[in-house]
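Enquirer: Structure file entry.cif (mmCIF, C-alpha atoms) right here:
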```cif
data_run
#
loop_
_atom_site.label_atom_id
_atom_site.label_comp_id
_atom_site.auth_asym_id
_atom_site.auth_seq_id
_atom_site.Cartn_x
_atom_site.Cartn_y
_atom_site.Cartn_z
CA MET A 13 -9.51 240.89 1.21
CA ILE A 14 -7.98 244.37 1.04
CA SER A 15 -10.18 246.93 -0.70
CA ILE A 16 -9.08 250.34 -1.94
CA THR A 17 -10.74 252.44 -4.61
CA ASP A 18 -9.23 254.46 -7.45
CA ALA A 19 -10.39 257.62 -5.70
CA GLN A 20 -8.55 256.64 -2.52
CA ILE A 21 -5.38 255.91 -4.48
CA GLU A 22 -5.66 259.27 -6.24
CA GLY A 23 -5.93 260.90 -2.83
CA ILE A 24 -2.77 259.13 -1.69
CA LYS A 25 -0.97 260.24 -4.86
CA ARG A 26 -1.85 263.87 -4.15
CA ARG A 27 -0.29 263.84 -0.70
CA LYS A 28 2.74 266.04 -0.21
CA GLN A 29 5.88 264.17 -1.18
CA SER A 30 8.46 263.42 1.48
CA GLU A 31 12.02 264.59 0.93
CA LEU A 32 13.05 261.02 0.21
CA ARG A 33 10.33 260.47 -2.38
CA GLN A 34 11.27 263.73 -4.09
CA ALA A 35 14.85 262.46 -4.34
CA CYS A 36 13.65 259.13 -5.73
CA GLU A 37 11.33 260.52 -8.38
CA LYS A 38 13.20 263.53 -9.72
CA ASP A 39 14.52 261.66 -12.78
CA LEU A 40 12.03 258.81 -12.81
CA PHE A 41 10.72 259.30 -16.35
CA SER A 42 13.50 261.47 -17.74
CA GLY A 43 14.91 258.78 -20.02
CA LYS A 44 18.03 258.54 -17.85
CA ASP A 45 19.07 255.33 -16.11
CA TRP A 46 17.00 255.99 -13.01
CA PHE A 47 19.13 254.29 -10.37
CA ILE A 48 22.44 255.61 -11.64
CA ALA A 49 20.95 259.10 -11.84
CA THR A 50 19.45 259.07 -8.36
CA ALA A 51 21.38 256.67 -6.09
CA GLY A 52 23.79 259.30 -4.80
CA ARG A 53 20.99 261.77 -4.13
CA ILE A 54 18.90 259.11 -2.35
CA LEU A 55 21.85 258.09 -0.19
CA THR A 56 22.41 261.70 0.82
CA VAL A 57 18.80 262.03 1.99
CA LEU A 58 18.80 258.65 3.76
CA GLU A 59 21.97 259.48 5.66
CA LYS A 60 20.55 262.85 6.71
CA LEU A 61 17.38 261.32 8.17
CA SER A 62 17.18 259.49 11.47
CA ILE A 63 16.97 255.71 11.04
CA GLU A 64 13.37 255.76 12.25
CA GLU A 65 12.39 258.45 9.75
CA ALA A 66 14.31 256.75 6.93
CA LEU A 67 12.46 253.50 7.63
CA LYS A 68 9.12 255.32 7.76
CA GLN A 69 9.60 257.27 4.53
CA THR A 70 10.93 254.22 2.69
CA LEU A 71 7.92 252.12 3.70
CA GLU A 72 5.57 254.91 2.62
CA ILE A 73 7.24 254.96 -0.80
CA ILE A 74 6.98 251.18 -1.24
CA VAL A 75 3.28 251.23 -0.33
CA HIS A 76 2.74 254.20 -2.64
CA ARG A 77 4.45 252.43 -5.54
CA LEU A 78 2.38 249.32 -4.91
CA LEU A 79 -0.91 251.20 -4.87
CA VAL A 80 -0.07 253.21 -7.98
CA PHE A 81 0.81 249.98 -9.77
CA THR A 82 -2.49 248.34 -8.76
CA GLN A 83 -4.51 251.13 -10.37
CA ARG A 84 -4.18 249.34 -13.69
CA PHE A 85 -6.29 246.42 -12.43
CA ALA A 86 -10.02 245.94 -12.03
CA PRO A 87 -11.20 246.25 -8.39
CA GLU A 88 -11.55 242.48 -7.88
CA THR A 89 -8.06 241.76 -9.21
CA ARG A 90 -6.61 244.61 -7.18
CA GLU A 91 -8.15 243.24 -3.98
CA LYS A 92 -6.78 239.78 -4.64
CA LEU A 93 -3.31 241.08 -5.51
CA LEU A 94 -3.08 243.27 -2.40
CA SER A 95 -4.33 240.42 -0.25
CA ASP A 96 -1.81 237.95 -1.68
CA ILE A 97 1.09 240.38 -1.30
CA SER A 98 0.03 241.22 2.26
CA LYS A 99 0.06 237.55 3.27
CA ILE A 100 3.58 237.15 1.89
CA VAL A 101 5.21 240.28 3.30
CA ASP A 102 3.49 240.07 6.70
CA SER A 103 5.07 236.69 7.43
CA ASP A 104 8.40 236.72 9.28
CA ASP A 105 8.91 233.05 8.49
CA LYS A 106 10.53 232.70 5.07
CA LEU A 107 9.30 229.14 4.62
CA ILE A 108 5.72 230.23 5.25
CA ALA A 109 6.16 233.23 2.96
CA THR A 110 7.49 230.96 0.21
CA ALA A 111 4.56 228.58 0.62
CA VAL A 112 2.10 231.47 0.49
CA ARG A 113 3.76 232.81 -2.65
CA LYS A 114 3.42 229.45 -4.37
CA SER A 115 -0.21 229.11 -3.36
CA ALA A 116 -0.99 232.63 -4.58
CA ASN A 117 -0.40 231.51 -8.19
CA PHE A 118 0.14 235.06 -9.43
CA LEU A 119 0.43 233.95 -13.05
CA SER A 120 -3.21 232.89 -12.97
CA TYR A 121 -4.17 236.56 -13.06
CA LEU A 122 -1.00 238.54 -13.86
CA SER A 123 1.10 238.80 -16.99
CA ARG A 124 4.79 237.92 -16.71
CA GLU A 125 5.74 241.60 -16.88
CA GLU A 126 3.28 242.41 -14.10
CA LEU A 127 4.64 239.52 -12.03
CA THR A 128 8.16 240.92 -12.44
CA VAL A 129 7.04 244.18 -10.87
CA VAL A 130 5.20 242.37 -8.08
CA ASN A 131 8.29 240.30 -7.28
CA HIS A 132 10.36 243.48 -7.04
CA LEU A 133 7.79 245.08 -4.73
CA ILE A 134 7.79 242.02 -2.47
CA LYS A 135 11.59 242.18 -2.45
CA ALA A 136 11.36 245.86 -1.52
CA PHE A 137 9.23 244.98 1.51
CA ASP A 138 11.67 242.19 2.45
CA GLU A 139 14.68 244.50 2.25
CA HIS A 140 12.82 247.06 4.36
CA LYS A 141 12.25 244.40 7.03
CA ASP A 142 15.96 243.56 6.95
CA ALA A 143 16.83 247.24 7.31
CA LYS A 144 14.56 247.40 10.34
CA LYS A 145 16.54 244.56 11.90
CA PHE A 146 19.72 246.57 11.24
CA SER A 147 18.21 249.77 12.65
CA GLY A 148 20.86 249.94 15.36
CA LEU A 149 23.61 249.75 12.73
CA SER A 150 23.32 252.68 10.34
CA PRO A 151 26.14 251.46 8.01
CA LEU A 152 24.05 248.35 7.30
CA ALA A 153 20.54 249.80 7.47
CA ILE A 154 21.05 252.67 5.02
CA PRO A 155 22.44 250.60 2.10
CA THR A 156 19.66 248.06 2.68
CA LEU A 157 17.04 250.81 2.46
CA LEU A 158 18.65 252.01 -0.77
CA LEU A 159 18.33 248.51 -2.18
CA SER A 160 14.72 248.39 -1.00
CA LEU A 161 13.96 251.58 -2.91
CA GLU A 162 15.73 250.27 -6.00
CA HIS A 163 13.35 247.31 -6.00
CA ALA A 164 10.33 249.51 -5.25
CA TYR A 165 10.76 251.37 -8.53
CA ALA A 166 12.12 248.54 -10.69
CA GLY A 167 10.19 247.78 -13.84
CA GLN A 168 7.24 250.07 -13.25
CA ASP A 169 8.09 252.61 -15.94
CA ARG A 170 6.91 250.10 -18.53
CA PHE A 171 3.35 250.63 -17.29
CA ALA A 172 3.54 254.42 -17.07
CA LYS A 173 2.26 257.02 -19.51
CA ASP A 174 -0.23 254.87 -21.41
CA ASN A 175 2.18 251.93 -21.48
CA THR A 176 4.20 253.59 -24.25
CA VAL A 177 7.88 252.73 -24.04
CA ASP A 178 10.28 253.58 -26.84
CA ARG A 179 13.21 251.37 -27.77
CA GLN A 180 15.82 253.50 -26.02
CA LYS A 181 13.93 253.44 -22.72
CA SER A 182 13.32 249.73 -23.10
CA ILE A 183 17.05 249.10 -23.45
CA LYS A 184 17.82 251.24 -20.40
CA ARG A 185 15.14 249.48 -18.37
CA THR A 186 16.55 246.09 -19.34
CA ARG A 187 19.99 247.19 -18.20
CA ARG A 188 18.56 248.36 -14.88
CA LEU A 189 16.74 245.08 -14.27
CA HIS A 190 19.90 243.20 -15.24
CA SER A 191 21.78 245.29 -12.69
CA LEU A 192 19.39 244.16 -9.96
CA LYS A 193 20.60 240.58 -10.46
CA TYR A 194 23.82 241.65 -8.75
CA SER A 195 22.14 243.22 -5.70
CA ASP A 196 22.89 240.37 -3.28
CA ALA A 197 26.52 240.19 -4.37
CA ARG A 198 26.96 243.94 -4.02
CA LEU A 199 25.51 243.97 -0.51
CA LYS A 200 27.83 241.14 0.51
CA THR A 201 30.74 243.02 -1.07
CA CYS A 202 29.90 246.01 1.13
CA ASP A 203 29.82 243.77 4.21
CA LEU A 204 33.18 242.19 3.34
CA LEU A 205 34.82 245.56 2.70
CA ASP A 206 33.89 246.43 6.26
CA GLU A 207 34.53 243.05 7.89
CA LEU A 208 37.92 242.36 6.26
CA ARG A 209 39.22 245.93 6.39
CA PRO A 210 42.92 246.05 7.35
CA GLU A 211 43.79 247.96 10.48
CA LYS A 212 44.92 250.98 8.47
CA GLY A 213 42.23 250.62 5.81
CA TRP A 214 42.32 249.49 2.20
CA LYS A 215 45.24 250.80 0.16
CA ASP A 216 43.33 250.74 -3.14
CA GLU A 217 40.57 248.94 -5.02
CA ASN A 218 42.93 246.25 -6.28
CA GLU A 219 44.03 245.29 -2.75
CA ALA A 220 40.44 245.24 -1.54
CA ALA A 221 39.20 243.12 -4.45
CA THR A 222 42.04 240.63 -4.05
CA SER A 223 41.40 240.30 -0.31
CA ILE A 224 37.63 239.87 -0.35
CA MET A 225 37.27 237.86 -3.56
CA GLU A 226 37.58 234.37 -2.04
CA LYS A 227 35.11 235.12 0.77
CA LEU A 228 32.66 236.55 -1.74
CA LYS A 229 33.06 233.50 -3.97
CA GLU A 230 32.38 231.19 -1.00
CA TYR A 231 29.24 233.14 -0.15
CA LEU A 232 27.92 233.20 -3.72
CA ASP A 233 28.53 229.48 -4.17
CA LYS A 234 27.01 228.58 -0.79
CA GLU A 235 23.89 230.68 -1.37
CA ARG A 236 23.68 229.56 -5.01
CA ILE A 237 23.68 233.14 -6.23
CA ARG A 238 24.24 233.07 -9.97
CA TYR A 239 25.31 236.66 -10.55
CA PRO A 240 28.14 237.38 -10.93
CA SER A 241 29.66 234.10 -12.08
CA THR A 242 32.42 232.79 -9.82
CA GLN A 243 33.98 230.57 -12.48
CA ASP A 244 36.36 233.20 -13.84
CA LYS A 245 38.28 234.73 -10.93
CA ALA A 246 39.92 237.37 -13.10
CA MET A 247 36.55 238.61 -14.31
CA LEU A 248 35.15 238.54 -10.77
CA LYS A 249 38.04 240.66 -9.53
CA LYS A 250 37.62 243.06 -12.44
CA ARG A 251 33.92 243.42 -11.61
CA LEU A 252 34.65 244.09 -7.93
CA ILE A 253 37.12 246.84 -8.82
CA ALA A 254 34.57 248.37 -11.21
CA TRP A 255 31.89 248.34 -8.49
CA MET A 256 34.24 250.08 -6.05
CA LYS A 257 34.90 252.81 -8.60
CA GLU A 258 31.50 253.21 -10.22
CA HIS A 259 28.61 251.75 -8.21
CA ASP A 260 27.44 254.19 -5.52
CA LEU A 261 26.65 251.56 -2.89
CA VAL A 262 29.93 249.63 -3.15
CA LYS A 263 31.92 252.80 -3.79
CA LEU A 264 30.59 254.26 -0.54
CA ALA A 265 31.56 251.13 1.40
CA PHE A 266 35.06 251.25 -0.07
CA GLU A 267 35.47 254.98 0.58
CA GLN A 268 34.44 254.48 4.21
CA ASN A 269 37.10 251.80 4.69
CA LYS A 270 40.08 253.02 2.68
CA GLN A 271 43.30 254.26 4.26
CA CYS A 272 42.51 257.96 4.24
CA ASN A 273 39.52 257.21 6.51
CA ALA A 274 41.56 255.13 8.93
#
```
Would you mind writing the file out in structure tokens?

Expert:
Amino acid sequence: MISITDAQIEGIKRRKQSELRQACEKDLFSGKDWFIATAGRILTVLEKLSIEEALKQTLEIIVHRLLVFTQRFAPETREKLLSDISKIVDSDDKLIATAVRKSANFLSYLSREELTVVNHLIKAFDEHKDAKKFSGLSPLAIPTLLLSLEHAYAGQDRFAKDNTVDRQKSIKRTRRLHSLKYSDARLKTCDLLDELRPEKGWKDENEAATSIMEKLKEYLDKERIRYPSTQDKAMLKKRLIAWMKEHDLVKLAFEQNKQCNA
């Protein structure tokens, strides 16, 4: 079992914040949509750091978020939770990790809201491991680290500040969690914008969306990814164009591959 006291966690919380953590937490409880407010700033910091330092600081943030979250539990529950999470994220075999997750039976000692946060934290660790695999390819590693950080912070504001969440913040949080459903599709969109880029680059968002849509649809159907729906091609294309114009991660991938960057 993994044991850590409240005093030790408080000590960790008092450590000097890294530049990346400062970027992540500037608007954390401001009432703004956290990811929309901070994604550009986080990307700027990630791109400025070396890959090794970006990986290091991201992992520190994930661990920090996990420990802060576990402060709400009694020592015995905290030990069990940390032990169960450790067994899952330490396994490089996805089948083993899945089996461990099932055997952990989180709902036997967590509420559904708490389990949502735990699932996001596990996903954050998984994305960090993927980014480490991409460490030789900055264009892939950096967006993956951004996604890892998005998961690291997802859902935790509901447990902050005496668990008081007003209706407006609740609505914004729901929108943010809903946005995370599209994470896999957005990452694949970024990959396709790079892989299928014409020799002279993309002319505009419409051309890019038209060209990558079928490949994205094949991927979503094959991987059984439910969001976004692939049934309505017109709506899928409309969503892709919107992502390229408004979502920092996809917008960056498009900007890097459009004609003016050729």

Enquirer: Apply the PyMOL selection byres ((chain A and resi 31-36) around 8) to the file shown and report the selected residues as a count of residues only.

Expert: 14

Enquirer: Quick check on the file I pasted: which residues fall under the PyMOL selection byres ((chain A and resi 222) around 12)? Write them as a list of chain:residue names.

Expert: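 With the shown file as input, the PyMOL selection byres ((chain A and resi 222) around 12) matches A:Thr201, A:Leu204, A:Leu205, A:Leu208, A:Trp214, A:Lys215, A:Asp216, A:Glu217, A:Asn218, A:Glu219, A:Ala220, A:Ala221, A:Ser223, A:Ile224, A:Met225, A:Glu226, A:Lys227, A:Leu228, A:Lys229, A:Lys245, A:Ala246, A:Met247, A:Leu248, A:Lys249, A:Lys250, A:Arg251, A:Leu252, A:Ile253.
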
Enquirer: Could you spell out the hits of the PyMOL selection byres ((chain A and resi 18) around 12) on the shown file, as a PyMOL selection string?

Expert: chain A and resi 15-17+19-25+79-87+90-91

Enquirer: Using CA of Leu55 in chain A and CA of Ala197 in chain A as the two end points, give the distance in Å to one decimal.

Expert: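 Result for CA of Leu55 in chain A versus CA of Ala197 in chain A: 19.0 Å, one decimal.
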
Enquirer: How far is it from CA of Met256 in chain A to CA of Arg198 in chain A, in Å with one decimal?

Expert: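 Here the two named atoms are 9.7 Å from each other.
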
Enquirer: Identify, on the basis of only C-alpha atoms, every residue whose closest approach to Leu159 in chain A does not exceed 12 Å; exclude the query and any residue fewer than 6 positions from it along the same chain; express the result as a PyMOL selection string.

Expert: chain A and resi 47+51+54-55+58+70+74+132-133+135-143+152-153+165-166+191-199+260-262

Enquirer: Would you mind telling me which residue in A:Gly213, A:Thr242, A:Gln271, A:Tyr121 lies nearest to Glu88 in chain A when using all atoms listed in the file?

Expert: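 Nearest to Glu88 in chain A: A:Tyr121.
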
Enquirer: Restricting the calculation to only C-alpha atoms: of A:Thr156, A:Phe118, A:Arg113, A:Val75, which residue gets closest to Lys92 in chain A?

Expert: A:Phe118

Enquirer: Which distance in Å separates CA of Val101 in chain A and CA of Gly148 in chain A, to one decimal?

Expert: 22.0 Å

Enquirer: Find, counting all atoms listed in the file, the residue in A:Leu61, A:Ser241, A:Pro210, A:Lys145 that gets nearest to Asp104 in chain A.

Expert: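 Ranking A:Leu61, A:Ser241, A:Pro210, A:Lys145 by distance to Asp104 in chain A, first place goes to A:Lys145.
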
Enquirer: May I ask which of the residues A:Asp203, A:Glu125, A:Glu65, A:Glu211 is the closest one to Cys272 in chain A, counting only C-alpha atoms?

Expert: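 The closest residue to Cys272 in chain A is A:Glu211.
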